[in-house]
$ cat input_31.pdb   # PDB, C-alpha atoms
MODEL        1
ATOM      1  CA  MET A 294       0.000   0.000   0.000
ATOM      2  CA  ARG A 295       2.782   2.441   0.927
ATOM      3  CA  ALA A 296       4.672   1.684  -2.293
ATOM      4  CA  ILE A 297       1.553   2.273  -4.381
ATOM      5  CA  ALA A 298       0.907   5.571  -2.617
ATOM      6  CA  ALA A 299       4.523   6.684  -3.071
ATOM      7  CA  ALA A 300       4.287   6.093  -6.817
ATOM      8  CA  SER A 301       0.800   7.482  -7.425
ATOM      9  CA  ILE A 302       0.423  10.537  -5.158
ATOM     10  CA  TRP A 303       2.437  12.968  -7.302
ATOM     11  CA  PRO A 304       0.688  12.341 -10.649
ATOM     12  CA  LEU A 305      -2.721  12.322  -8.978
ATOM     13  CA  LEU A 306      -2.021  15.607  -7.184
ATOM     14  CA  VAL A 307      -0.684  17.292 -10.320
ATOM     15  CA  ILE A 308      -3.541  16.125 -12.539
ATOM     16  CA  ALA A 309      -6.252  16.939  -9.996
ATOM     17  CA  SER A 310      -4.870  20.364  -9.067
ATOM     18  CA  GLY A 311      -4.178  21.233 -12.701
ATOM     19  CA  ALA A 312      -7.711  20.299 -13.752
ATOM     20  CA  ALA A 313      -9.169  22.254 -10.836
ATOM     21  CA  ALA A 314      -7.064  25.313 -11.694
ATOM     22  CA  ALA A 315      -8.243  25.161 -15.308
ATOM     23  CA  ALA A 316     -11.863  24.979 -14.151
ATOM     24  CA  VAL A 317     -11.363  27.975 -11.854
ATOM     25  CA  LEU A 318      -9.751  30.051 -14.612
ATOM     26  CA  ILE A 319     -12.558  29.210 -17.031
ATOM     27  CA  SER A 320     -15.178  30.123 -14.431
ATOM     28  CA  GLY A 321     -13.551  33.505 -13.802
ATOM     29  CA  SER A 322     -14.017  33.191 -10.041
ATOM     30  CA  PRO A 323     -12.064  36.019  -8.321
ATOM     31  CA  TYR A 324     -11.308  33.919  -5.236
ATOM     32  CA  GLY A 325     -11.235  30.471  -6.799
ATOM     33  CA  LEU A 326      -7.462  30.176  -7.118
ATOM     34  CA  THR A 327      -6.919  31.296  -3.530
ATOM     35  CA  ALA A 328      -9.394  28.691  -2.301
ATOM     36  CA  LEU A 329      -7.769  26.055  -4.507
ATOM     37  CA  ALA A 330      -4.297  26.884  -3.179
ATOM     38  CA  VAL A 331      -5.585  26.430   0.378
ATOM     39  CA  LEU A 332      -7.083  23.065  -0.570
ATOM     40  CA  VAL A 333      -3.849  21.907  -2.220
ATOM     41  CA  ILE A 334      -1.804  22.947   0.829
ATOM     42  CA  ALA A 335      -4.232  21.136   3.130
ATOM     43  CA  ALA A 336      -4.122  17.991   0.995
ATOM     44  CA  VAL A 337      -0.326  17.964   0.763
ATOM     45  CA  ALA A 338       0.052  18.692   4.495
ATOM     46  CA  ALA A 339      -2.274  15.791   5.322
ATOM     47  CA  LEU A 340      -0.320  13.459   3.043
ATOM     48  CA  GLU A 341       2.946  14.599   4.641
ATOM     49  CA  ARG A 342       1.748  13.173   7.952
ATOM     50  CA  PHE A 343       1.028   9.845   6.269
ATOM     51  CA  LEU A 344       4.109   9.604   4.049
ATOM     52  CA  PRO A 345       6.815  12.038   5.250
ATOM     53  CA  ALA A 346      10.276  12.186   3.732
ATOM     54  CA  ASP A 347      11.527  13.469   7.096
ATOM     55  CA  PRO A 348       9.076  13.032  10.011
ATOM     56  CA  LYS A 349      11.082  15.430  12.206
ATOM     57  CA  THR A 350      10.437  18.402   9.900
ATOM     58  CA  GLU A 351       6.710  18.137   9.228
ATOM     59  CA  LEU A 352       4.517  21.237   9.234
ATOM     60  CA  SER A 353       3.119  20.822  12.752
ATOM     61  CA  ARG A 354       6.664  20.779  14.203
ATOM     62  CA  ASP A 355       7.876  23.868  12.355
ATOM     63  CA  PRO A 356       8.231  26.941  14.617
ATOM     64  CA  GLN A 357       8.161  29.124  11.480
ATOM     65  CA  ARG A 358       4.833  27.802  10.145
ATOM     66  CA  TRP A 359       2.780  30.863  11.154
ATOM     67  CA  ASN A 360       5.359  33.180   9.624
ATOM     68  CA  ASP A 361       5.164  31.112   6.443
ATOM     69  CA  PHE A 362       1.379  31.507   6.343
ATOM     70  CA  GLY A 363       1.859  35.238   6.879
ATOM     71  CA  HIS A 364       4.265  35.493   3.952
ATOM     72  CA  TYR A 365       1.838  33.496   1.831
ATOM     73  CA  ILE A 366      -0.797  36.157   2.502
ATOM     74  CA  ALA A 367       1.545  39.161   2.207
ATOM     75  CA  GLY A 368       3.073  37.929  -1.032
ATOM     76  CA  GLY A 369      -0.122  36.578  -2.522
ATOM     77  CA  PHE A 370      -2.114  39.744  -1.949
ATOM     78  CA  ALA A 371       0.163  42.761  -1.401
ATOM     79  CA  GLY A 372       3.041  41.485  -3.539
ATOM     80  CA  GLU A 373       0.812  40.454  -6.432
ATOM     81  CA  ALA A 374      -1.185  43.696  -6.273
ATOM     82  CA  ILE A 375       1.941  45.878  -6.301
ATOM     83  CA  GLY A 376       3.551  43.862  -9.079
ATOM     84  CA  GLN A 377       0.471  43.862 -11.290
ATOM     85  CA  THR A 378       0.014  47.605 -10.775
ATOM     86  CA  ILE A 379       3.615  48.296 -11.794
ATOM     87  CA  ALA A 380       3.228  46.082 -14.865
ATOM     88  CA  ALA A 381      -0.012  47.797 -15.870
ATOM     89  CA  ILE A 382       1.391  51.327 -15.456
ATOM     90  CA  ALA A 383       4.606  50.491 -17.311
ATOM     91  CA  ALA A 384       2.664  48.968 -20.184
ATOM     92  CA  VAL A 385       0.468  52.032 -20.769
ATOM     93  CA  GLY A 386       3.067  54.010 -22.710
ATOM     94  CA  TRP A 387       4.301  51.036 -24.690
ATOM     95  CA  ALA A 388       1.079  49.497 -25.923
ATOM     96  CA  GLU A 389       1.346  51.094 -29.373
ATOM     97  CA  LYS A 390       5.149  50.960 -29.714
ATOM     98  CA  ILE A 391       5.637  47.192 -29.688
ATOM     99  CA  PRO A 392       3.863  44.927 -32.186
ATOM    100  CA  PRO A 393       1.549  42.702 -30.125
ATOM    101  CA  ILE A 394       2.587  39.074 -30.153
ATOM    102  CA  ALA A 395      -1.114  38.294 -30.457
ATOM    103  CA  ASP A 396      -1.001  39.664 -34.023
ATOM    104  CA  ALA A 397       1.317  36.816 -34.970
ATOM    105  CA  THR A 398      -0.267  34.061 -32.903
ATOM    106  CA  GLY A 399      -3.943  35.020 -32.871
ATOM    107  CA  SER A 400      -4.780  32.512 -35.590
ATOM    108  CA  TRP A 401      -3.034  29.662 -33.771
ATOM    109  CA  PRO A 402      -5.075  26.972 -32.021
ATOM    110  CA  VAL A 403      -5.860  27.911 -28.424
ATOM    111  CA  ALA A 404      -3.726  25.051 -27.087
ATOM    112  CA  ALA A 405      -0.721  26.324 -29.057
ATOM    113  CA  GLN A 406      -1.195  29.894 -27.775
ATOM    114  CA  ILE A 407      -1.363  28.667 -24.187
ATOM    115  CA  ALA A 408       1.675  26.411 -24.659
ATOM    116  CA  LEU A 409       3.702  29.325 -26.069
ATOM    117  CA  LEU A 410       2.691  31.604 -23.199
ATOM    118  CA  ILE A 411       3.589  29.012 -20.552
ATOM    119  CA  ALA A 412       6.937  28.268 -22.222
ATOM    120  CA  ALA A 413       7.800  31.970 -22.526
ATOM    121  CA  ALA A 414       6.781  32.695 -18.933
ATOM    122  CA  ASP A 415       8.730  29.708 -17.620
ATOM    123  CA  LEU A 416      11.853  30.774 -19.530
ATOM    124  CA  LEU A 417      11.550  34.309 -18.141
ATOM    125  CA  GLU A 418      11.038  32.915 -14.632
ATOM    126  CA  TYR A 419      14.144  30.754 -15.040
ATOM    127  CA  GLY A 420      16.143  33.850 -15.996
ATOM    128  CA  ARG A 421      14.677  35.886 -13.127
ATOM    129  CA  HIS A 422      15.444  33.104 -10.672
ATOM    130  CA  ARG A 423      19.079  32.993 -11.711
ATOM    131  CA  LEU A 424      19.327  36.776 -11.416
ATOM    132  CA  VAL A 425      17.993  36.867  -7.857
ATOM    133  CA  HIS A 426      20.658  34.336  -6.880
ATOM    134  CA  ARG A 427      23.399  36.349  -8.558
ATOM    135  CA  ILE A 428      22.629  40.006  -7.784
ATOM    136  CA  PRO A 429      23.165  40.800  -4.072
ATOM    137  CA  TRP A 430      20.340  43.326  -3.608
ATOM    138  CA  LEU A 431      17.847  40.971  -5.262
ATOM    139  CA  TRP A 432      19.180  38.045  -3.234
ATOM    140  CA  ARG A 433      18.349  39.895   0.000
ATOM    141  CA  PHE A 434      14.650  39.514  -0.801
ATOM    142  CA  HIS A 435      14.938  35.965  -2.124
ATOM    143  CA  ALA A 436      17.028  34.756   0.833
ATOM    144  CA  LEU A 437      13.904  34.428   2.978
ATOM    145  CA  HIS A 438      12.660  31.634   0.725
ATOM    146  CA  HIS A 439      15.918  29.706   1.160
ATOM    147  CA  SER A 440      16.409  30.412   4.860
ATOM    148  CA  SER A 441      14.324  27.544   6.217
ATOM    149  CA  ASP A 442      16.006  24.347   7.387
ATOM    150  CA  ARG A 443      13.086  22.233   6.170
ATOM    151  CA  LEU A 444      10.625  21.848   3.310
ATOM    152  CA  HIS A 445       6.893  21.199   3.489
ATOM    153  CA  ALA A 446       3.675  22.296   1.784
ATOM    154  CA  VAL A 447       3.648  25.852   3.147
ATOM    155  CA  LYS A 448       7.265  26.674   2.266
ATOM    156  CA  SER A 449       6.291  27.531  -1.305
ATOM    157  CA  GLY A 450       4.653  30.651   0.155
ATOM    158  CA  ARG A 451       7.634  31.651   2.307
ATOM    159  CA  VAL A 452       8.471  34.406  -0.164
ATOM    160  CA  HIS A 453       9.104  38.076   0.575
ATOM    161  CA  ALA A 454       6.373  40.288  -0.889
ATOM    162  CA  LEU A 455       8.950  42.267  -2.881
ATOM    163  CA  ASP A 456      10.356  39.024  -4.282
ATOM    164  CA  VAL A 457       6.851  38.435  -5.648
ATOM    165  CA  VAL A 458       6.955  41.939  -7.150
ATOM    166  CA  SER A 459      10.185  41.050  -8.961
ATOM    167  CA  ARG A 460       8.362  38.202 -10.694
ATOM    168  CA  SER A 461       5.778  40.619 -12.050
ATOM    169  CA  ILE A 462       8.517  42.950 -13.309
ATOM    170  CA  PHE A 463      10.814  40.340 -14.858
ATOM    171  CA  VAL A 464       8.243  37.803 -16.057
ATOM    172  CA  PHE A 465       4.822  39.300 -16.628
ATOM    173  CA  LEU A 466       5.777  42.843 -17.630
ATOM    174  CA  PRO A 467       7.661  41.601 -20.734
ATOM    175  CA  LEU A 468       4.662  39.474 -21.694
ATOM    176  CA  VAL A 469       2.315  42.437 -21.221
ATOM    177  CA  LEU A 470       4.589  44.700 -23.274
ATOM    178  CA  LEU A 471       4.635  42.124 -26.066
ATOM    179  CA  GLY A 472       0.858  42.116 -26.089
ATOM    180  CA  ALA A 473       0.325  38.574 -24.868
ATOM    181  CA  PRO A 474      -3.431  37.842 -24.743
ATOM    182  CA  ALA A 475      -4.692  39.071 -21.368
ATOM    183  CA  ARG A 476      -7.074  36.141 -20.999
ATOM    184  CA  TRP A 477      -4.156  33.689 -20.910
ATOM    185  CA  LEU A 478      -1.803  35.641 -18.609
ATOM    186  CA  PRO A 479      -3.194  34.191 -15.326
ATOM    187  CA  ILE A 480      -2.410  30.629 -16.420
ATOM    188  CA  TYR A 481       1.275  30.617 -15.448
ATOM    189  CA  PRO A 482       0.888  32.156 -11.960
ATOM    190  CA  ALA A 483      -2.034  29.791 -11.400
ATOM    191  CA  ALA A 484       0.219  26.839 -12.229
ATOM    192  CA  LEU A 485       2.898  28.055  -9.808
ATOM    193  CA  LEU A 486       0.290  28.696  -7.122
ATOM    194  CA  VAL A 487      -1.168  25.191  -7.129
ATOM    195  CA  LEU A 488       1.982  23.223  -8.011
ATOM    196  CA  GLY A 489       4.293  25.098  -5.620
ATOM    197  CA  PRO A 490       3.117  23.270  -2.476
ATOM    198  CA  ILE A 491       3.681  19.953  -4.257
ATOM    199  CA  ALA A 492       7.211  20.888  -5.385
ATOM    200  CA  HIS A 493       8.127  21.957  -1.824
ATOM    201  CA  SER A 494       6.451  18.994  -0.139
ATOM    202  CA  ASN A 495       7.991  16.803   2.545
ATOM    203  CA  LEU A 496       6.703  13.636   0.887
ATOM    204  CA  ASP A 497       8.539  10.335   0.487
ATOM    205  CA  LEU A 498       7.597   9.615  -3.123
ATOM    206  CA  ARG A 499       8.929   7.440  -5.928
ATOM    207  CA  PHE A 500       9.581   8.694  -9.449
ATOM    208  CA  PRO A 501      10.906   7.200 -12.675
ATOM    209  CA  ARG A 502      14.332   8.710 -13.349
ATOM    210  CA  TRP A 503      13.245  10.314 -16.623
ATOM    211  CA  LEU A 504      10.488  12.357 -14.969
ATOM    212  CA  HIS A 505      12.935  14.618 -13.093
ATOM    213  CA  ALA A 506      14.263  15.808 -16.467
ATOM    214  CA  ILE A 507      10.891  16.984 -17.797
ATOM    215  CA  ALA A 508       8.929  18.153 -14.736
ATOM    216  CA  VAL A 509       9.737  19.930 -11.473
ATOM    217  CA  THR A 510       9.409  17.153  -8.904
ATOM    218  CA  PRO A 511       9.935  17.489  -5.132
ATOM    219  CA  PRO A 512      13.380  15.784  -5.276
ATOM    220  CA  PHE A 513      14.409  18.035  -8.193
ATOM    221  CA  HIS A 514      13.437  21.186  -6.308
ATOM    222  CA  ALA A 515      14.832  19.949  -2.989
ATOM    223  CA  LEU A 516      18.344  20.170  -4.449
ATOM    224  CA  HIS A 517      17.748  23.847  -5.188
ATOM    225  CA  HIS A 518      17.053  24.430  -1.480
ATOM    226  CA  ALA A 519      20.263  22.682  -0.391
ATOM    227  CA  ARG A 520      22.567  24.421   2.060
ATOM    228  CA  ASN A 521      25.410  23.422  -0.275
ATOM    229  CA  ARG A 522      25.873  26.415  -2.605
ATOM    230  CA  GLU A 523      26.802  24.354  -5.640
ATOM    231  CA  LEU A 524      23.522  22.473  -5.401
ATOM    232  CA  SER A 525      21.394  25.496  -4.557
ATOM    233  CA  ASN A 526      22.717  27.186  -7.692
ATOM    234  CA  SER A 527      21.079  24.499  -9.795
ATOM    235  CA  ASN A 528      17.551  23.414 -10.734
ATOM    236  CA  PHE A 529      16.124  26.928 -11.097
ATOM    237  CA  ALA A 530      13.147  25.990 -13.283
ATOM    238  CA  GLY A 531       9.625  26.889 -12.204
ATOM    239  CA  LEU A 532       7.768  24.195 -14.136
ATOM    240  CA  PHE A 533      10.019  22.559 -16.742
ATOM    241  CA  PRO A 534      13.670  21.524 -16.176
ATOM    242  CA  VAL A 535      14.350  21.864 -19.904
ATOM    243  CA  TRP A 536      15.761  25.340 -19.173
ATOM    244  CA  ASP A 537      18.222  23.945 -16.623
ATOM    245  CA  ARG A 538      19.267  21.324 -19.138
ATOM    246  CA  LEU A 539      19.739  23.905 -21.897
ATOM    247  CA  PHE A 540      21.757  26.321 -19.748
ATOM    248  CA  GLY A 541      23.837  23.824 -17.784
ATOM    249  CA  THR A 542      22.257  24.150 -14.334
ATOM    250  CA  PHE A 543      20.503  20.776 -14.196
ATOM    251  CA  ARG A 544      21.352  18.347 -11.384
ATOM    252  CA  HIS A 545      19.621  14.986 -11.385
ATOM    253  CA  PRO A 546      18.278  14.113  -7.915
ATOM    254  CA  ALA A 547      19.070  10.438  -8.455
ATOM    255  CA  HIS A 548      22.751  11.330  -8.099
ATOM    256  CA  PHE A 549      22.422  13.049  -4.710
ATOM    257  CA  ALA A 550      21.127  12.225  -1.245
ATOM    258  CA  ARG A 551      18.389  14.410   0.229
ATOM    259  CA  PRO A 552      20.375  17.511   1.273
ATOM    260  CA  ASP A 553      20.394  19.689   4.358
ATOM    261  CA  PHE A 554      18.349  22.824   3.724
ATOM    262  CA  GLY A 555      18.962  26.488   4.500
ATOM    263  CA  ILE A 556      21.624  29.117   3.832
ATOM    264  CA  ASP A 557      24.963  29.916   5.426
ATOM    265  CA  GLY A 558      25.969  33.428   6.344
ATOM    266  CA  GLU A 559      24.001  36.001   8.301
ATOM    267  CA  ALA A 560      20.806  34.471   9.656
ATOM    268  CA  VAL A 561      17.432  35.744   8.508
ATOM    269  CA  PRO A 562      15.510  37.000  11.600
ATOM    270  CA  SER A 563      12.942  34.690  13.176
ATOM    271  CA  GLY A 564      10.160  37.277  13.599
ATOM    272  CA  PHE A 565       7.644  37.933  10.821
ATOM    273  CA  LEU A 566       7.942  41.740  10.739
ATOM    274  CA  ALA A 567      11.712  41.522  11.136
ATOM    275  CA  GLN A 568      11.830  39.183   8.127
ATOM    276  CA  LEU A 569       9.927  41.733   6.043
ATOM    277  CA  ALA A 570      12.229  44.566   7.133
ATOM    278  CA  TRP A 571      15.527  42.667   6.971
ATOM    279  CA  PRO A 572      16.247  43.055   3.216
ATOM    280  CA  LEU A 573      15.560  46.786   3.407
ATOM    281  CA  ARG A 574      18.197  47.549   6.017
ATOM    282  CA  SER A 575      21.019  49.364   4.250
ATOM    283  CA  GLY A 576      24.578  48.318   4.947
ATOM    284  CA  ARG A 577      23.516  44.990   6.373
ATOM    285  CA  ARG A 578      25.651  41.987   5.528
ATOM    286  CA  THR A 579      23.565  39.393   3.739
ATOM    287  CA  ALA A 580      24.023  35.799   2.783
ATOM    288  CA  GLU A 581      24.816  35.543  -0.908
ATOM    289  CA  LEU A 582      24.921  32.617  -3.311
ATOM    290  CA  ASP A 583      27.559  32.403  -6.019
ATOM    291  CA  ALA A 584      25.907  31.821  -9.369
TER     292      ALA A 584
ENDMDL
END
$ encode --input "input_31.pdb" --output "structure tokens"
Amino acid sequence: MRAIAAASIWPLLVIASGAAAAAVLISGSPYGLTALAVLVIAAVAALERFLPADPKTELSRDPQRWNDFGHYIAGGFAGEAIGQTIAAIAAVGWAEKIPPIADATGSWPVAAQIALLIAAADLLEYGRHRLVHRIPWLWRFHALHHSSDRLHAVKSGRVHALDVVSRSIFVFLPLVLLGAPARWLPIYPAALLVLGPIAHSNLDLRFPRWLHAIAVTPPFHALHHARNRELSNSNFAGLFPVWDRLFGTFRHPAHFARPDFGIDGEAVPSGFLAQLAWPLRSGRRTAELDA
């Protein structure tokens, strides 16, 4: 029974959450994705109690869990709102200066348009992710996400609100400026929202070796959260590891043991408000990853 669960949980979660996200987007519900994210987190957290990769680091034993929930809310609401506002304002003066990509792809089948948008967004997110690991002032905001010594369902939301803003600027603003169809733009953030808790899960699952090379699995993403800098500067992809393979940052999880998590250097504060303020303190020494 345990072996069957370990092999079947991931595909079932991905298919079910993906189908639910598609239904929510089609319905146009303003709160549907938020409700779905809560359901996915609850489902993954429940499964983590049944099939944990590390029982000592489950959600209920994490002293940072309430902070993580707080960052989920701050990033998901304030961060997204600020980022989308910046993208909208910046796009106003450029709308007529750049030929809309929709002019070239509008006659394509819907599935092809969506596939192109997801691929473009995922490539931009890969590039953004590498930048925030390389540029010190961007790393200050991203360090919060890497500062935890454990992974579980809620860690996908342990993201500084201004780190969320950077995603809007580096990923969605270029798509808006290129005139990507507005009706398809929510698809990529929706995918990250519902698949993030799965990628960060503390689940003891089994995967065929080939799957890690085509989809972001929990073992694939766990290497990116390693305390070891060489490993944490790998596996940057948001959805598809093809970008890591193309640009030489892919590490196959079959070749590594489950790593220790966290970052070395100056510790991120333990308090919620202090965590929000920490990156903004000028002159403060920060942990930094070598790209």
$ resolve_selection --input "input_31.pdb" --expression "the PyMOL selection byres ((chain A and resi 339) around 12)" --output "MDAnalysis selection string"
chainID A and resid 332:338 340:345 351:353 445:447 494:496
$ closest_residue --input "input_31.pdb" --among "A:Leu573, A:Leu444, A:Ala330, A:Val535" --to "Pro482 of chain A" --atoms "all atoms listed in the file"
A:Ala330
$ resolve_selection --input "input_31.pdb" --expression "the PyMOL selection byres ((chain A and resi 466) around 12)" --output "PyMOL selection string"
chain A and resi 376-385+387-388+414+417-418+458-465+467-473+475+478
$ axis_aligned_box --input "input_31.pdb" --around "segment 457-466 of chain A" --padding-each-side "4 Å" --output "lines of an AutoDock Vina configuration file"
center_x = 7.8
center_y = 40.4
center_z = -11.6
size_x = 14.0
size_y = 13.1
size_z = 20.0
$ atom_distance --input "input_31.pdb" --atom1 "atom CA of Val403 of chain A" --atom2 "atom CA of Ile480 of chain A"
12.8 Å
$ resolve_selection --input "input_31.pdb" --expression "the PyMOL selection byres ((chain A and resi 419) around 9)" --output "compact mmCIF listing (two decimals) with C-alpha atoms, in the coordinates of the input"
# COMPACT_ATOMS: atom_id res chain seq x y z
CA ALA A 414 6.78 32.70 -18.93
CA ASP A 415 8.73 29.71 -17.62
CA LEU A 416 11.85 30.77 -19.53
CA LEU A 417 11.55 34.31 -18.14
CA GLU A 418 11.04 32.92 -14.63
CA GLY A 420 16.14 33.85 -16.00
CA ARG A 421 14.68 35.89 -13.13
CA HIS A 422 15.44 33.10 -10.67
CA ARG A 423 19.08 32.99 -11.71
CA LEU A 424 19.33 36.78 -11.42
CA PHE A 529 16.12 26.93 -11.10
CA ALA A 530 13.15 25.99 -13.28
CA GLY A 531 9.62 26.89 -12.20
CA TRP A 536 15.76 25.34 -19.17
CA ASP A 537 18.22 23.94 -16.62
$ residues_around --input "input_31.pdb" --residues "segment 308-324 of chain A" --least-positions-apart "4" --cutoff "12 Å" --atoms "all atoms listed in the file" --output "VMD selection string"
chain A and resid 301 to 304 328 to 334 336 to 337 369 to 370 407 476 to 491
$ write_last_selection --input "input_31.pdb" --atoms "C-alpha atoms" --output "PDB file, in the coordinates of the input"
ATOM      1  CA  SER A 301       0.800   7.482  -7.425  1.00  0.00           C
ATOM      2  CA  ILE A 302       0.423  10.537  -5.158  1.00  0.00           C
ATOM      3  CA  TRP A 303       2.437  12.968  -7.302  1.00  0.00           C
ATOM      4  CA  PRO A 304       0.688  12.341 -10.649  1.00  0.00           C
ATOM      5  CA  ALA A 328      -9.394  28.691  -2.301  1.00  0.00           C
ATOM      6  CA  LEU A 329      -7.769  26.055  -4.507  1.00  0.00           C
ATOM      7  CA  ALA A 330      -4.297  26.884  -3.179  1.00  0.00           C
ATOM      8  CA  VAL A 331      -5.585  26.430   0.378  1.00  0.00           C
ATOM      9  CA  LEU A 332      -7.083  23.065  -0.570  1.00  0.00           C
ATOM     10  CA  VAL A 333      -3.849  21.907  -2.220  1.00  0.00           C
ATOM     11  CA  ILE A 334      -1.804  22.947   0.829  1.00  0.00           C
ATOM     12  CA  ALA A 336      -4.122  17.991   0.995  1.00  0.00           C
ATOM     13  CA  VAL A 337      -0.326  17.964   0.763  1.00  0.00           C
ATOM     14  CA  GLY A 369      -0.122  36.578  -2.522  1.00  0.00           C
ATOM     15  CA  PHE A 370      -2.114  39.744  -1.949  1.00  0.00           C
ATOM     16  CA  ILE A 407      -1.363  28.667 -24.187  1.00  0.00           C
ATOM     17  CA  ARG A 476      -7.074  36.141 -20.999  1.00  0.00           C
ATOM     18  CA  TRP A 477      -4.156  33.689 -20.910  1.00  0.00           C
ATOM     19  CA  LEU A 478      -1.803  35.641 -18.609  1.00  0.00           C
ATOM     20  CA  PRO A 479      -3.194  34.191 -15.326  1.00  0.00           C
ATOM     21  CA  ILE A 480      -2.410  30.629 -16.420  1.00  0.00           C
ATOM     22  CA  TYR A 481       1.275  30.617 -15.448  1.00  0.00           C
ATOM     23  CA  PRO A 482       0.888  32.156 -11.960  1.00  0.00           C
ATOM     24  CA  ALA A 483      -2.034  29.791 -11.400  1.00  0.00           C
ATOM     25  CA  ALA A 484       0.219  26.839 -12.229  1.00  0.00           C
ATOM     26  CA  LEU A 485       2.898  28.055  -9.808  1.00  0.00           C
ATOM     27  CA  LEU A 486       0.290  28.696  -7.122  1.00  0.00           C
ATOM     28  CA  VAL A 487      -1.168  25.191  -7.129  1.00  0.00           C
ATOM     29  CA  LEU A 488       1.982  23.223  -8.011  1.00  0.00           C
ATOM     30  CA  GLY A 489       4.293  25.098  -5.620  1.00  0.00           C
ATOM     31  CA  PRO A 490       3.117  23.270  -2.476  1.00  0.00           C
ATOM     32  CA  ILE A 491       3.681  19.953  -4.257  1.00  0.00           C
TER      33      ILE A 491
END
$ residues_around --input "input_31.pdb" --residues "Ser440 of chain A" --least-positions-apart "4" --cutoff "7 Å" --atoms "all atoms listed in the file" --output "list of chain:residue names"
A:Ala436, A:Gly555, A:Ile556, A:Val561
$ atom_distance --input "input_31.pdb" --atom1 "atom CA of Gly363 of chain A" --atom2 "atom CA of Asp442 of chain A"
17.9 Å
$ atom_distance --input "input_31.pdb" --atom1 "atom CA of Tyr365 of chain A" --atom2 "atom CA of Thr327 of chain A"
10.5 Å
$ closest_residue --input "input_31.pdb" --among "A:Gly368, A:Gly558, A:Pro512, A:Pro402" --to "Pro546 of chain A" --atoms "only C-alpha atoms"
A:Pro512
$ closest_residue --input "input_31.pdb" --among "A:His453, A:His439, A:His505, A:Arg538" --to "His517 of chain A" --atoms "all atoms listed in the file"
A:His439
$ closest_residue --input "input_31.pdb" --among "A:Leu306, A:Leu532, A:Ala298, A:Ile366" --to "Ile411 of chain A" --atoms "only C-alpha atoms"
A:Leu532
$ closest_residue --input "input_31.pdb" --among "A:Leu326, A:Ala506, A:Leu539, A:Leu455" --to "Val425 of chain A" --atoms "only C-alpha atoms"
A:Leu455
$ closest_residue --input "input_31.pdb" --among "A:Glu523, A:His518, A:Gln406, A:Ala560" --to "Thr542 of chain A" --atoms "only C-alpha atoms"
A:Glu523
$ build_atoms --input "input_31.pdb" --residues "segment 366-378 of chain A" --atoms "N, CA and C atoms" --output "mmCIF file, keeping the file's coordinate frame"
data_model
loop_
_atom_site.group_PDB
_atom_site.id
_atom_site.type_symbol
_atom_site.label_atom_id
_atom_site.label_comp_id
_atom_site.auth_asym_id
_atom_site.auth_seq_id
_atom_site.Cartn_x
_atom_site.Cartn_y
_atom_site.Cartn_z
ATOM 1 N N ILE A 366 0.241 35.124 2.635
ATOM 2 C CA ILE A 366 -0.797 36.157 2.502
ATOM 3 C C ILE A 366 -0.199 37.470 1.995
ATOM 4 N N ALA A 367 0.925 37.890 2.604
ATOM 5 C CA ALA A 367 1.545 39.161 2.207
ATOM 6 C C ALA A 367 1.995 39.134 0.754
ATOM 7 N N GLY A 368 2.617 38.028 0.351
ATOM 8 C CA GLY A 368 3.073 37.929 -1.032
ATOM 9 C C GLY A 368 1.941 37.740 -2.009
ATOM 10 N N GLY A 369 0.972 36.893 -1.619
ATOM 11 C CA GLY A 369 -0.122 36.578 -2.522
ATOM 12 C C GLY A 369 -1.071 37.731 -2.768
ATOM 13 N N PHE A 370 -1.194 38.621 -1.794
ATOM 14 C CA PHE A 370 -2.114 39.744 -1.949
ATOM 15 C C PHE A 370 -1.357 41.052 -2.208
ATOM 16 N N ALA A 371 -0.552 41.487 -1.237
ATOM 17 C CA ALA A 371 0.163 42.761 -1.401
ATOM 18 C C ALA A 371 1.193 42.680 -2.524
ATOM 19 N N GLY A 372 2.005 41.618 -2.517
ATOM 20 C CA GLY A 372 3.041 41.485 -3.539
ATOM 21 C C GLY A 372 2.469 41.412 -4.944
ATOM 22 N N GLU A 373 1.438 40.584 -5.115
ATOM 23 C CA GLU A 373 0.812 40.454 -6.432
ATOM 24 C C GLU A 373 0.168 41.765 -6.860
ATOM 25 N N ALA A 374 -0.510 42.439 -5.932
ATOM 26 C CA ALA A 374 -1.185 43.696 -6.273
ATOM 27 C C ALA A 374 -0.184 44.763 -6.705
ATOM 28 N N ILE A 375 0.917 44.886 -5.954
ATOM 29 C CA ILE A 375 1.941 45.878 -6.301
ATOM 30 C C ILE A 375 2.566 45.548 -7.654
ATOM 31 N N GLY A 376 2.914 44.277 -7.831
ATOM 32 C CA GLY A 376 3.551 43.862 -9.079
ATOM 33 C C GLY A 376 2.661 44.066 -10.287
ATOM 34 N N GLN A 377 1.387 43.698 -10.168
ATOM 35 C CA GLN A 377 0.471 43.862 -11.290
ATOM 36 C C GLN A 377 0.223 45.335 -11.594
ATOM 37 N N THR A 378 0.194 46.164 -10.559
ATOM 38 C CA THR A 378 0.014 47.605 -10.775
ATOM 39 C C THR A 378 1.202 48.197 -11.520
#
